[in-house]
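**Student:** This is the structure I want to talk about, given as structure tokens.
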Amino acid sequence: MTDFDLALILWRYHNVRVDPKQSDIILGLGSYDIRVADHCAALYLAGIAGRVVFTGASGNWTQELWDAPEAEVFSRRAVNQGVPQDAILKECEATNIAENLKLTQRLLAARSLNIEAVTIVTKPNTLRRVSACLAVQWPSVDAFLTAPPMTLEEQITPQRSLPDLINEMVGDFQRILIYPTMGYAIPQKNPKEVRDAFYTLVERGYVAHLMGDQPLPVRTK
């Protein structure tokens with residue numbers, strides 16, 4: 001199988017996208033992909049929720065890309081797309097998914113906002129990690145995880161090539177395997193086809209996003 005074929009297996013595994021539903025807020029997770037902000041704006045304008053929260057500091061992939069934290073950049077983009085500034089809240093400290101969720105809850109609590117349902121928007125390849133993390137970090141909320149509608153080919157950008165995206169997905173799959181043992185997330189099903197794609201891509205050198213301080217889980221039959 002080609003690298004792309006194997007990447008598509010991982011991408012379909014990660015992409016557990018559902019349709020958004022009426023929510024108290026739309027939560028946009030910061031990243032290098034500004035299309036997440038565009039989708040948050042579109043959902044707001046469609047009436048999915050009356051408030052948008054953006055969360056994210058400057059990460060390894062965005063500190064050289066933008067002049068401000070991800071949440072600030074996404075907020076500006078949403079305003080340009082027609083979302084009123086007073087309908088947006090920003091959380092600019094989070095550096096990972098767990099912090100995205102925990103610090104957003106702190107932000108909402110500080111404003112006495114009771115949130116029962118949230119539509120969470122992120123990149124397609126990040127959805128499963130968010131789902132696994134939610135059960136630990138924000139178990140009380142009814143969450144609908146969604147992403148901008150795109151294919152794997154469409155997710156590739158001038159800033160993030162196919163090899164970049166493969167490295168990211170390989171690293172995220174390792175985290176899906178390891179984080180439950182560290183208390184960060186709940187276990188996920190990982191079919192043999194997905195495990196085989198992961199280990200084959202590691203063998204082919206896609207190791208840039210692996211957690212270097214953690215051993216690879218033992219490959220099982």
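As shown in the structure tokens, the chain order sets the letters A, B, ...; within each chain, residues go from 1, and ligands are also counted from 1 in the order they appear.
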Out of region 14-221 of chain A, which residues get helix (DSSP H, G or I) from DSSP, as a ChimeraX atom specification?
**Tutor:** /A:14,35-45,70-80,85-87,97-110,124-137,152-155,162-182,192-203
**Student:** Which residues of region 50-155 of chain A sit at most 12 Å from region 185-196 of chain A, using only C-alpha atoms? Give each one's shortest atom pair and distance in Å (one decimal place), in chain and ascending residue order, as CSV.
**Tutor:**
```
residue,atom,partner,partner_atom,distance
A:Ile97,CA,A:Ala185,CA,10.3
A:Ala98,CA,A:Ala185,CA,8.8
A:Arg128,CA,A:Gln188,CA,8.4
A:Arg129,CA,A:Ala185,CA,8.1
A:Val130,CA,A:Ala185,CA,8.8
A:Ser131,CA,A:Ala185,CA,8.5
A:Ala132,CA,A:Ala185,CA,5.0
A:Cys133,CA,A:Ala185,CA,4.3
A:Leu134,CA,A:Ala185,CA,7.3
A:Ala135,CA,A:Ile186,CA,6.6
A:Val136,CA,A:Ala185,CA,5.6
A:Gln137,CA,A:Ala185,CA,7.9
A:Trp138,CA,A:Ala185,CA,10.6
A:Pro139,CA,A:Ala185,CA,10.9
```
**Student:** Mind writing the picked residues with all heavy atoms as a CSV table (one decimal), in the first residue's frame?
**Tutor:**
```csv
chain,number,residue,atom,x,y,z
A,97,ILE,N,-5.2,19.5,24.0
A,97,ILE,CA,-6.7,19.3,24.0
A,97,ILE,C,-7.2,19.3,25.4
A,97,ILE,O,-8.3,19.9,25.7
A,97,ILE,CB,-7.0,18.0,23.3
A,97,ILE,CG1,-6.7,18.1,21.8
A,97,ILE,CG2,-8.5,17.6,23.5
A,97,ILE,CD1,-6.9,16.8,21.0
A,98,ALA,N,-6.6,18.6,26.4
A,98,ALA,CA,-7.0,18.6,27.7
A,98,ALA,C,-7.2,20.0,28.3
A,98,ALA,O,-8.2,20.4,28.9
A,98,ALA,CB,-6.1,17.8,28.6
A,128,ARG,N,-11.2,12.2,17.0
A,128,ARG,CA,-11.2,11.1,17.9
A,128,ARG,C,-10.5,11.4,19.2
A,128,ARG,O,-10.9,11.0,20.3
A,128,ARG,CB,-10.7,9.8,17.3
A,128,ARG,CG,-10.8,8.6,18.2
A,128,ARG,CD,-10.4,7.3,17.5
A,128,ARG,NE,-11.2,6.9,16.4
A,128,ARG,CZ,-12.3,6.1,16.6
A,128,ARG,NH1,-12.6,5.7,17.8
A,128,ARG,NH2,-13.1,5.7,15.6
A,129,ARG,N,-9.4,12.1,19.1
A,129,ARG,CA,-8.6,12.5,20.3
A,129,ARG,C,-9.5,13.4,21.2
A,129,ARG,O,-9.5,13.2,22.4
A,129,ARG,CB,-7.3,13.2,20.0
A,129,ARG,CG,-6.2,12.3,19.7
A,129,ARG,CD,-4.9,13.0,19.7
A,129,ARG,NE,-4.6,13.7,21.0
A,129,ARG,CZ,-3.7,14.7,21.1
A,129,ARG,NH1,-3.1,15.2,20.1
A,129,ARG,NH2,-3.5,15.2,22.3
A,130,VAL,N,-10.2,14.3,20.6
A,130,VAL,CA,-11.1,15.1,21.4
A,130,VAL,C,-12.2,14.3,22.1
A,130,VAL,O,-12.5,14.4,23.3
A,130,VAL,CB,-11.8,16.2,20.6
A,130,VAL,CG1,-12.7,17.0,21.4
A,130,VAL,CG2,-10.7,17.1,20.0
A,131,SER,N,-12.8,13.4,21.3
A,131,SER,CA,-13.8,12.5,21.9
A,131,SER,C,-13.3,11.7,23.1
A,131,SER,O,-13.9,11.6,24.1
A,131,SER,CB,-14.3,11.5,20.8
A,131,SER,OG,-15.3,10.6,21.3
A,132,ALA,N,-12.1,11.1,22.9
A,132,ALA,CA,-11.5,10.3,24.0
A,132,ALA,C,-11.2,11.2,25.2
A,132,ALA,O,-11.3,10.7,26.4
A,132,ALA,CB,-10.2,9.6,23.5
A,133,CYS,N,-10.8,12.4,25.0
A,133,CYS,CA,-10.4,13.3,26.1
A,133,CYS,C,-11.7,13.8,26.8
A,133,CYS,O,-11.6,14.1,28.0
A,133,CYS,CB,-9.6,14.4,25.5
A,133,CYS,SG,-8.7,15.4,26.8
A,134,LEU,N,-12.7,14.1,26.1
A,134,LEU,CA,-14.0,14.7,26.7
A,134,LEU,C,-14.5,13.9,27.9
A,134,LEU,O,-14.9,14.4,28.9
A,134,LEU,CB,-15.0,14.7,25.6
A,134,LEU,CG,-15.2,16.1,24.9
A,134,LEU,CD1,-16.2,15.9,23.7
A,134,LEU,CD2,-15.8,17.1,25.8
A,135,ALA,N,-14.5,12.5,27.7
A,135,ALA,CA,-15.0,11.7,28.8
A,135,ALA,C,-14.3,11.9,30.1
A,135,ALA,O,-14.9,11.6,31.2
A,135,ALA,CB,-15.0,10.2,28.3
A,136,VAL,N,-13.1,12.3,30.1
A,136,VAL,CA,-12.3,12.5,31.3
A,136,VAL,C,-12.3,14.0,31.7
A,136,VAL,O,-12.5,14.3,32.9
A,136,VAL,CB,-10.8,12.1,31.1
A,136,VAL,CG1,-10.0,12.4,32.3
A,136,VAL,CG2,-10.8,10.6,30.8
A,137,GLN,N,-12.2,14.9,30.8
A,137,GLN,CA,-12.0,16.3,31.1
A,137,GLN,C,-13.3,17.1,31.2
A,137,GLN,O,-13.3,18.1,31.8
A,137,GLN,CB,-11.1,17.0,30.0
A,137,GLN,CG,-9.8,16.3,29.8
A,137,GLN,CD,-8.9,16.3,31.0
A,137,GLN,OE1,-9.1,17.1,31.9
A,137,GLN,NE2,-7.9,15.4,31.1
A,138,TRP,N,-14.4,16.6,30.5
A,138,TRP,CA,-15.6,17.4,30.6
A,138,TRP,C,-16.8,16.4,30.4
A,138,TRP,O,-17.6,16.5,29.5
A,138,TRP,CB,-15.7,18.4,29.4
A,138,TRP,CG,-16.6,19.6,29.7
A,138,TRP,CD1,-17.5,19.7,30.7
A,138,TRP,CD2,-16.8,20.7,28.8
A,138,TRP,NE1,-18.2,20.9,30.5
A,138,TRP,CE2,-17.8,21.5,29.4
A,138,TRP,CE3,-16.1,21.2,27.7
A,138,TRP,CZ2,-18.2,22.7,28.9
A,138,TRP,CZ3,-16.5,22.4,27.1
A,138,TRP,CH2,-17.5,23.2,27.7
A,139,PRO,N,-16.9,15.5,31.4
A,139,PRO,CA,-17.9,14.4,31.2
A,139,PRO,C,-19.4,14.8,31.3
A,139,PRO,O,-20.3,14.1,30.9
A,139,PRO,CB,-17.5,13.4,32.3
A,139,PRO,CG,-16.9,14.3,33.4
A,139,PRO,CD,-16.1,15.3,32.6
```
**Student:** Could you pull the residues within 8 Å of region 14-27 of chain A, counting only C-alpha atoms, minus those fewer than 5 positions along the same chain, as a ChimeraX atom specification?
**Tutor:** /A:40,43-44,47-55,115-121,124-129,144-147,169
**Student:** Under the rule that only C-alpha atoms are counted, which of A:Ala46, A:Ile178, A:Asp3, A:Glu91 is the nearest residue to Ala110 (chain A)?
**Tutor:**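 Of the candidates, the smallest distance to Ala110 (chain A) is held by A:Glu91.
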**Student:** Would you pick out the contacts of Val79 (chain A) at 10 Å or less, using only C-alpha atoms, so that residues sharing its chain but fewer than 4 positions from it are not included, and give the list as a list in words?
**Tutor:**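 What passes the distance filter is Ala37, Asp38, Ala41, Phe74, Ser75, Val83, Pro84, Gln85, Asp86, Ala87 and Ile88 of chain A.
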**Student:** Can you write out the residues you just picked, keeping N, CA, C and O atoms, as an mmCIF file, in the first residue's frame?
**Tutor:**
```cif
data_model
loop_
_atom_site.group_PDB
_atom_site.id
_atom_site.type_symbol
_atom_site.label_atom_id
_atom_site.label_comp_id
_atom_site.auth_asym_id
_atom_site.auth_seq_id
_atom_site.Cartn_x
_atom_site.Cartn_y
_atom_site.Cartn_z
ATOM 1 N N ALA A 37 -12.102 28.001 12.119
ATOM 2 C CA ALA A 37 -12.771 29.259 12.464
ATOM 3 C C ALA A 37 -13.888 29.565 11.471
ATOM 4 O O ALA A 37 -14.972 30.022 11.862
ATOM 5 N N ASP A 38 -13.635 29.328 10.186
ATOM 6 C CA ASP A 38 -14.667 29.560 9.174
ATOM 7 C C ASP A 38 -15.897 28.696 9.448
ATOM 8 O O ASP A 38 -17.037 29.160 9.311
ATOM 9 N N ALA A 41 -17.879 29.995 12.368
ATOM 10 C CA ALA A 41 -18.662 31.155 11.955
ATOM 11 C C ALA A 41 -19.907 30.725 11.190
ATOM 12 O O ALA A 41 -21.006 31.253 11.419
ATOM 13 N N PHE A 74 -8.333 33.069 15.320
ATOM 14 C CA PHE A 74 -9.625 32.492 14.937
ATOM 15 C C PHE A 74 -10.756 33.483 15.197
ATOM 16 O O PHE A 74 -11.712 33.562 14.423
ATOM 17 N N SER A 75 -10.662 34.229 16.298
ATOM 18 C CA SER A 75 -11.688 35.224 16.609
ATOM 19 C C SER A 75 -11.757 36.300 15.533
ATOM 20 O O SER A 75 -12.846 36.665 15.066
ATOM 21 N N VAL A 83 -19.503 37.093 12.435
ATOM 22 C CA VAL A 83 -19.872 36.843 13.826
ATOM 23 C C VAL A 83 -19.626 38.111 14.641
ATOM 24 O O VAL A 83 -18.525 38.665 14.599
ATOM 25 N N PRO A 84 -20.614 38.586 15.391
ATOM 26 C CA PRO A 84 -20.401 39.793 16.205
ATOM 27 C C PRO A 84 -19.309 39.572 17.254
ATOM 28 O O PRO A 84 -19.219 38.499 17.849
ATOM 29 N N GLN A 85 -18.507 40.593 17.479
ATOM 30 C CA GLN A 85 -17.434 40.478 18.453
ATOM 31 C C GLN A 85 -17.962 40.135 19.837
ATOM 32 O O GLN A 85 -17.345 39.364 20.587
ATOM 33 N N ASP A 86 -19.109 40.691 20.194
ATOM 34 C CA ASP A 86 -19.641 40.439 21.541
ATOM 35 C C ASP A 86 -20.249 39.051 21.694
ATOM 36 O O ASP A 86 -20.686 38.671 22.785
ATOM 37 N N ALA A 87 -20.271 38.265 20.614
ATOM 38 C CA ALA A 87 -20.740 36.877 20.703
ATOM 39 C C ALA A 87 -19.581 35.903 20.864
ATOM 40 O O ALA A 87 -19.791 34.689 20.922
ATOM 41 N N ILE A 88 -18.348 36.420 20.957
ATOM 42 C CA ILE A 88 -17.148 35.588 20.996
ATOM 43 C C ILE A 88 -16.437 35.715 22.342
ATOM 44 O O ILE A 88 -16.264 36.816 22.860
#
```
**Student:** Would you kindly return, as an NGL selection string, each protein, DNA or RNA residue with an atom no farther than 10 Å from any atom of region 210-220 of chain A, considering only C-alpha atoms and excluding same-chain residues fewer than 2 positions away?
**Tutor:** :A and (167-175 or 177-178 or 192 or 195-196 or 198-199 or 202 or 206-208)
**Student:** DSSP says strand (DSSP E) for which residues of region 13-102 of chain A? Put them as a PyMOL selection string?
**Tutor:** chain A and resi 25-29+52-55+88-91
**Student:** Export all heavy atoms of the chosen residues as an mmCIF file, in the first residue's frame?
**Tutor:**
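Heads up, here's the output in again-v5.cif:
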```cif
data_model
loop_
_atom_site.group_PDB
_atom_site.id
_atom_site.type_symbol
_atom_site.label_atom_id
_atom_site.label_comp_id
_atom_site.auth_asym_id
_atom_site.auth_seq_id
_atom_site.Cartn_x
_atom_site.Cartn_y
_atom_site.Cartn_z
ATOM 1 N N ILE A 25 -23.129 26.626 23.216
ATOM 2 C CA ILE A 25 -21.985 27.315 22.625
ATOM 3 C C ILE A 25 -21.419 26.480 21.486
ATOM 4 O O ILE A 25 -21.641 25.266 21.403
ATOM 5 C CB ILE A 25 -20.837 27.579 23.643
ATOM 6 C CG1 ILE A 25 -20.278 26.251 24.174
ATOM 7 C CG2 ILE A 25 -21.275 28.508 24.751
ATOM 8 C CD1 ILE A 25 -18.981 26.398 24.941
ATOM 9 N N ILE A 26 -20.679 27.150 20.622
ATOM 10 C CA ILE A 26 -19.808 26.511 19.631
ATOM 11 C C ILE A 26 -18.390 26.707 20.134
ATOM 12 O O ILE A 26 -17.983 27.840 20.423
ATOM 13 C CB ILE A 26 -19.974 27.140 18.241
ATOM 14 C CG1 ILE A 26 -21.406 26.950 17.725
ATOM 15 C CG2 ILE A 26 -18.963 26.551 17.256
ATOM 16 C CD1 ILE A 26 -21.762 27.880 16.587
ATOM 17 N N LEU A 27 -17.649 25.628 20.289
ATOM 18 C CA LEU A 27 -16.278 25.699 20.788
ATOM 19 C C LEU A 27 -15.315 25.353 19.663
ATOM 20 O O LEU A 27 -15.301 24.228 19.165
ATOM 21 C CB LEU A 27 -16.083 24.733 21.961
ATOM 22 C CG LEU A 27 -14.671 24.625 22.537
ATOM 23 C CD1 LEU A 27 -14.179 25.980 23.039
ATOM 24 C CD2 LEU A 27 -14.631 23.578 23.655
ATOM 25 N N GLY A 28 -14.508 26.316 19.246
ATOM 26 C CA GLY A 28 -13.526 26.102 18.198
ATOM 27 C C GLY A 28 -12.149 25.880 18.785
ATOM 28 O O GLY A 28 -11.633 26.739 19.500
ATOM 29 N N LEU A 29 -11.554 24.726 18.508
ATOM 30 C CA LEU A 29 -10.223 24.411 19.018
ATOM 31 C C LEU A 29 -9.162 24.978 18.081
ATOM 32 O O LEU A 29 -9.156 24.686 16.887
ATOM 33 C CB LEU A 29 -10.035 22.900 19.161
ATOM 34 C CG LEU A 29 -11.064 22.144 20.012
ATOM 35 C CD1 LEU A 29 -10.582 20.717 20.264
ATOM 36 C CD2 LEU A 29 -11.342 22.850 21.327
ATOM 37 N N VAL A 52 -19.794 31.852 20.528
ATOM 38 C CA VAL A 52 -18.655 31.070 20.049
ATOM 39 C C VAL A 52 -17.492 31.276 21.007
ATOM 40 O O VAL A 52 -17.208 32.411 21.413
ATOM 41 C CB VAL A 52 -18.220 31.490 18.628
ATOM 42 C CG1 VAL A 52 -17.050 30.626 18.152
ATOM 43 C CG2 VAL A 52 -19.381 31.399 17.650
ATOM 44 N N VAL A 53 -16.841 30.197 21.380
ATOM 45 C CA VAL A 53 -15.634 30.263 22.204
ATOM 46 C C VAL A 53 -14.478 29.696 21.389
ATOM 47 O O VAL A 53 -14.582 28.599 20.834
ATOM 48 C CB VAL A 53 -15.790 29.458 23.506
ATOM 49 C CG1 VAL A 53 -14.508 29.560 24.350
ATOM 50 C CG2 VAL A 53 -16.991 29.951 24.303
ATOM 51 N N PHE A 54 -13.393 30.446 21.328
ATOM 52 C CA PHE A 54 -12.175 29.948 20.690
ATOM 53 C C PHE A 54 -11.122 29.728 21.755
ATOM 54 O O PHE A 54 -10.955 30.560 22.656
ATOM 55 C CB PHE A 54 -11.658 30.924 19.632
ATOM 56 C CG PHE A 54 -12.526 31.009 18.411
ATOM 57 C CD1 PHE A 54 -13.196 32.181 18.097
ATOM 58 C CD2 PHE A 54 -12.691 29.909 17.591
ATOM 59 C CE1 PHE A 54 -14.006 32.267 16.977
ATOM 60 C CE2 PHE A 54 -13.506 29.974 16.463
ATOM 61 C CZ PHE A 54 -14.164 31.154 16.157
ATOM 62 N N THR A 55 -10.405 28.615 21.659
ATOM 63 C CA THR A 55 -9.401 28.273 22.662
ATOM 64 C C THR A 55 -8.098 27.869 21.980
ATOM 65 O O THR A 55 -8.108 27.127 20.993
ATOM 66 C CB THR A 55 -9.884 27.131 23.576
ATOM 67 O OG1 THR A 55 -8.786 26.650 24.376
ATOM 68 C CG2 THR A 55 -10.473 25.979 22.799
ATOM 69 N N ILE A 88 -18.348 36.420 20.957
ATOM 70 C CA ILE A 88 -17.148 35.588 20.996
ATOM 71 C C ILE A 88 -16.437 35.715 22.342
ATOM 72 O O ILE A 88 -16.264 36.816 22.860
ATOM 73 C CB ILE A 88 -16.179 35.981 19.864
ATOM 74 C CG1 ILE A 88 -16.825 35.747 18.493
ATOM 75 C CG2 ILE A 88 -14.868 35.201 19.973
ATOM 76 C CD1 ILE A 88 -15.979 36.223 17.321
ATOM 77 N N LEU A 89 -16.022 34.569 22.880
ATOM 78 C CA LEU A 89 -15.131 34.522 24.036
ATOM 79 C C LEU A 89 -13.822 33.874 23.596
ATOM 80 O O LEU A 89 -13.826 32.981 22.741
ATOM 81 C CB LEU A 89 -15.746 33.715 25.180
ATOM 82 C CG LEU A 89 -16.991 34.294 25.849
ATOM 83 C CD1 LEU A 89 -17.524 33.302 26.888
ATOM 84 C CD2 LEU A 89 -16.690 35.636 26.495
ATOM 85 N N LYS A 90 -12.713 34.298 24.209
ATOM 86 C CA LYS A 90 -11.399 33.774 23.822
ATOM 87 C C LYS A 90 -10.667 33.236 25.042
ATOM 88 O O LYS A 90 -10.622 33.881 26.076
ATOM 89 C CB LYS A 90 -10.560 34.875 23.164
ATOM 90 C CG LYS A 90 -11.082 35.331 21.818
ATOM 91 C CD LYS A 90 -10.318 36.542 21.305
ATOM 92 C CE LYS A 90 -10.731 37.808 22.055
ATOM 93 N NZ LYS A 90 -10.134 39.024 21.462
ATOM 94 N N GLU A 91 -10.087 32.065 24.872
ATOM 95 C CA GLU A 91 -9.234 31.449 25.885
ATOM 96 C C GLU A 91 -7.886 31.234 25.215
ATOM 97 O O GLU A 91 -7.756 30.408 24.314
ATOM 98 C CB GLU A 91 -9.864 30.122 26.344
ATOM 99 C CG GLU A 91 -9.127 29.428 27.479
ATOM 100 C CD GLU A 91 -7.775 28.912 27.045
ATOM 101 O OE1 GLU A 91 -7.721 28.083 26.122
ATOM 102 O OE2 GLU A 91 -6.755 29.385 27.611
#
```
